[in-house]
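Following: one structure in structure tokens, then a few remarks.
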Amino acid sequence: MTPKAPRARILMLGGAGETAAALAAVRGRAGLEVRVLCDGATPKGVVSDLQDVTPDRAGLTQALRAGGFTHLLDVTHGFAGQISTDAAAACKATGAQYALLRRPAWTPAPGDRWTDVPDVAAASDSIAPFERVFTNVGRALLSALAGFGGQLFVRQTTRHTMLPPQGNIRYVFGSPPFSHDAEVGLLRDMAVDAVLFRNTGGAASETKVTAARALGLQMVMLSRPVAPEGTHLPDVAAVARWADSL
């Protein structure tokens, strides 16, 4: 007896913290076939089985066609850069349907000292008046903050021995998850007067926001790139419902 063809072939792009949970929500459902390609480091508990594919527009277009994929599920980091734009364009070129897991952005609460900025250049201008700033923007964006003259504390979730690019930068190492109380203690110990965060959204990493709020600190929020057109899914539960609808 000839095996029944799957009703949907899904190319899943991983990289965000929800990658393993999203994969579990999709894989194993009757009639769905899932292959995984991770952008950057492969998250714990995930096996990238399309390691020979280059995650750019050309590579994804070729992979979608060659694999006969009907859908692409984008679970990359909200600040991963060009990959989501390339993935959506590859879907348009091949006729595959594009879906994106994107956490709802954090929003200010009444009384917050909160500034939204569109890019790192604007963020640099916004933190200029402050003396001690804590940030999670990552090493790749530090060059854009070179003009900041105060003390900059930069969170790193992977321990390393690289030297900071400037004398006023200090790396702060720690592994998530971070509790609200731990974040309050950290910010208080560093005596910061402002924070600069990427607005990655979601509840799992919001404790740094609630900690800054509790201390009354100025919060500068770097906005995520605009999401491509397609099906936008706010959480893993929505991914499961999406999978059921295919």
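Every chain in the structure tokens takes a letter, A first, then B, and so on in the order presented; its residues are numbered from 1, and the ligands are numbered from 1 following the presented order.
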
Exercise. Report the residues of stretch 15-244 of chain A whose backbone DSSP state falls under strand (DSSP E), written as a VMD selection string.
Key: chain A and resid 32 to 38 71 to 74 97 to 101 113 to 117 132 to 135 151 to 156 169 to 173 194 to 198 218 to 222 231 to 233

Self-check item: stretch 176-184 of chain A surroundings by only C-alpha atoms, 6 Å radius, close-in-sequence under 6 positions cut, as a list in words
Solution: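 Counting only the stated atoms, we get Thr207, Lys208 and Ala211 of chain A.
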
Quiz item: Distance atom CA of A:Phe153-atom CA of A:Ala203, one decimal place?
Solution: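 Taking atom CA of A:Phe153 and atom CA of A:Ala203, their separation equals 22.9 Å.
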
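If you measure from each of A:Gly28, A:Pro234, A:Gly14, A:Pro165 to A:Gly45 using only C-alpha atoms, the closest one turns out to be A:Gly14.
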
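When only C-alpha atoms are used to compute distances to A:Ser143, the closest of the residues A:Ile169, A:Ala22, A:Leu186, A:Met221 turns out to be A:Ile169.
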
Practice problem: Extract, using only C-alpha atoms, all DNA, RNA and protein residues at most 9 Å from A:Ser126, discarding same-chain residues fewer than 5 positions from it, and format them as a PyMOL selection string. | Solution: chain A and resi 115+117+121+220

Dump N, CA and C atoms for the selected residues as an mmCIF file, in the first residue's frame?
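Output file part_31.cif is given in full below:
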```
data_model
loop_
_atom_site.group_PDB
_atom_site.id
_atom_site.type_symbol
_atom_site.label_atom_id
_atom_site.label_comp_id
_atom_site.auth_asym_id
_atom_site.auth_seq_id
_atom_site.Cartn_x
_atom_site.Cartn_y
_atom_site.Cartn_z
ATOM 1 N N THR A 115 11.056 55.254 26.535
ATOM 2 C CA THR A 115 11.275 55.862 25.226
ATOM 3 C C THR A 115 11.455 54.756 24.194
ATOM 4 N N VAL A 117 12.643 53.644 20.501
ATOM 5 C CA VAL A 117 13.563 54.144 19.477
ATOM 6 C C VAL A 117 13.590 53.158 18.314
ATOM 7 N N ALA A 121 21.214 53.983 16.500
ATOM 8 C CA ALA A 121 21.677 55.373 16.476
ATOM 9 C C ALA A 121 20.777 56.235 17.359
ATOM 10 N N VAL A 220 14.917 52.709 27.666
ATOM 11 C CA VAL A 220 14.989 52.970 26.229
ATOM 12 C C VAL A 220 14.784 51.630 25.532
#
```

Exercise. Have a look at A:Leu64, A:Ala194, A:Val236, A:Ala41 and name the one nearest to A:Ala20; count only C-alpha atoms.
Key: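 Once distances to A:Ala20 are computed over only C-alpha atoms, the minimum belongs to A:Val236.
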
Could you give me, as a compact mmCIF listing (two decimals) with C-alpha atoms, in the first residue's frame, the residues within 12 Å of A:Phe69, counting only C-alpha atoms and dropping anything in the same chain fewer than 5 positions from it?
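The new file out37.txt reads:
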```txt
# COMPACT_ATOMS: atom_id res chain seq x y z
CA PRO A 6 1.50 14.52 3.91
CA ARG A 7 -1.11 17.27 3.74
CA ALA A 8 1.57 19.84 4.54
CA ARG A 9 5.35 19.98 4.34
CA ILE A 10 6.75 22.57 6.74
CA LEU A 11 10.19 24.15 6.65
CA MET A 12 10.76 25.53 10.13
CA LEU A 32 2.47 17.03 8.73
CA GLU A 33 6.08 16.67 7.69
CA VAL A 34 8.57 19.05 9.33
CA ARG A 35 12.20 19.81 8.56
CA VAL A 36 14.27 22.23 10.65
CA LEU A 60 15.57 29.34 1.18
CA THR A 61 13.92 29.65 -2.23
CA GLN A 62 15.91 26.68 -3.49
CA ALA A 63 15.19 24.65 -0.35
CA LEU A 64 11.44 25.32 -0.51
CA ALA A 90 11.21 33.02 -0.67
CA CYS A 91 7.64 32.02 0.13
CA THR A 94 7.60 29.59 -4.48
CA GLY A 95 3.95 29.87 -3.44
CA ALA A 96 4.61 28.51 0.06
CA GLN A 97 2.63 30.02 2.93
CA TYR A 98 4.59 32.11 5.44
```

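Secondary structure of stretch 136-231 of chain A, helix (DSSP H, G or I) only (DSSP, backbone atoms): Arg139, Ala140, Leu141, Leu142, Ser143, Ala144, Leu145, His180, Asp181, Ala182, Glu183, Val184, Gly185, Leu186, Leu187, Arg188, Asp189, Met190, Thr207, Lys208, Val209, Thr210, Ala211, Ala212, Arg213 and Ala214 of chain A.
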
Quiz item: So which residues touch stretch 225-233 of chain A within 6 Å, counting only C-alpha atoms, skipping near sequence neighbours fewer than 2 positions away, as an MDAnalysis selection string?
Solution: chainID A and resid 98:102 235 238

Residues of stretch 7-37 of chain A within 8 Å of stretch 240-245 of chain A: nearest atom pair and distance (Å, one decimal) for each, counting only C-alpha atoms, sorted by chain and number, as a Markdown table?
```
| residue | atom | partner | partner_atom | distance |
| --- | --- | --- | --- | --- |
| A:Ala22 | CA | A:Ala240 | CA | 7.6 |
| A:Ala25 | CA | A:Ala240 | CA | 5.1 |
| A:Val26 | CA | A:Ala243 | CA | 5.9 |
| A:Arg29 | CA | A:Asp244 | CA | 8.0 |
```

Go ahead and write the selection's residues with N, CA and C atoms as a PDB file, in the first residue's frame.
```pdb
ATOM      1  N   ALA A  22       8.017  25.109  19.900  1.00  0.00           N
ATOM      2  CA  ALA A  22       7.261  25.237  18.652  1.00  0.00           C
ATOM      3  C   ALA A  22       7.401  23.976  17.806  1.00  0.00           C
ATOM      4  N   ALA A  25       5.228  21.368  19.134  1.00  0.00           N
ATOM      5  CA  ALA A  25       3.820  21.647  18.869  1.00  0.00           C
ATOM      6  C   ALA A  25       3.404  21.241  17.460  1.00  0.00           C
ATOM      7  N   VAL A  26       4.374  21.110  16.563  1.00  0.00           N
ATOM      8  CA  VAL A  26       4.066  20.804  15.162  1.00  0.00           C
ATOM      9  C   VAL A  26       4.415  19.369  14.795  1.00  0.00           C
ATOM     10  N   ARG A  29       2.249  15.547  14.489  1.00  0.00           N
ATOM     11  CA  ARG A  29       0.847  15.635  14.098  1.00  0.00           C
ATOM     12  C   ARG A  29       0.638  14.863  12.794  1.00  0.00           C
TER      13      ARG A  29
END
```

Quiz item: Hey, can you check how far atom CA of A:Gln51 sits from atom CA of A:Ala66?
Solution: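 If I compute the distance from atom CA of A:Gln51 to atom CA of A:Ala66, I get 14.5 Å.
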
Practice problem: Within 12 Å of A:Ala80, counting only C-alpha atoms, which residues show up once you throw out same-chain ones fewer than 6 positions away? Write them as a ChimeraX atom specification, please. | Solution: /A:13-16,38-41,55-56,74,86-87,137-138,140,198,200,224-227
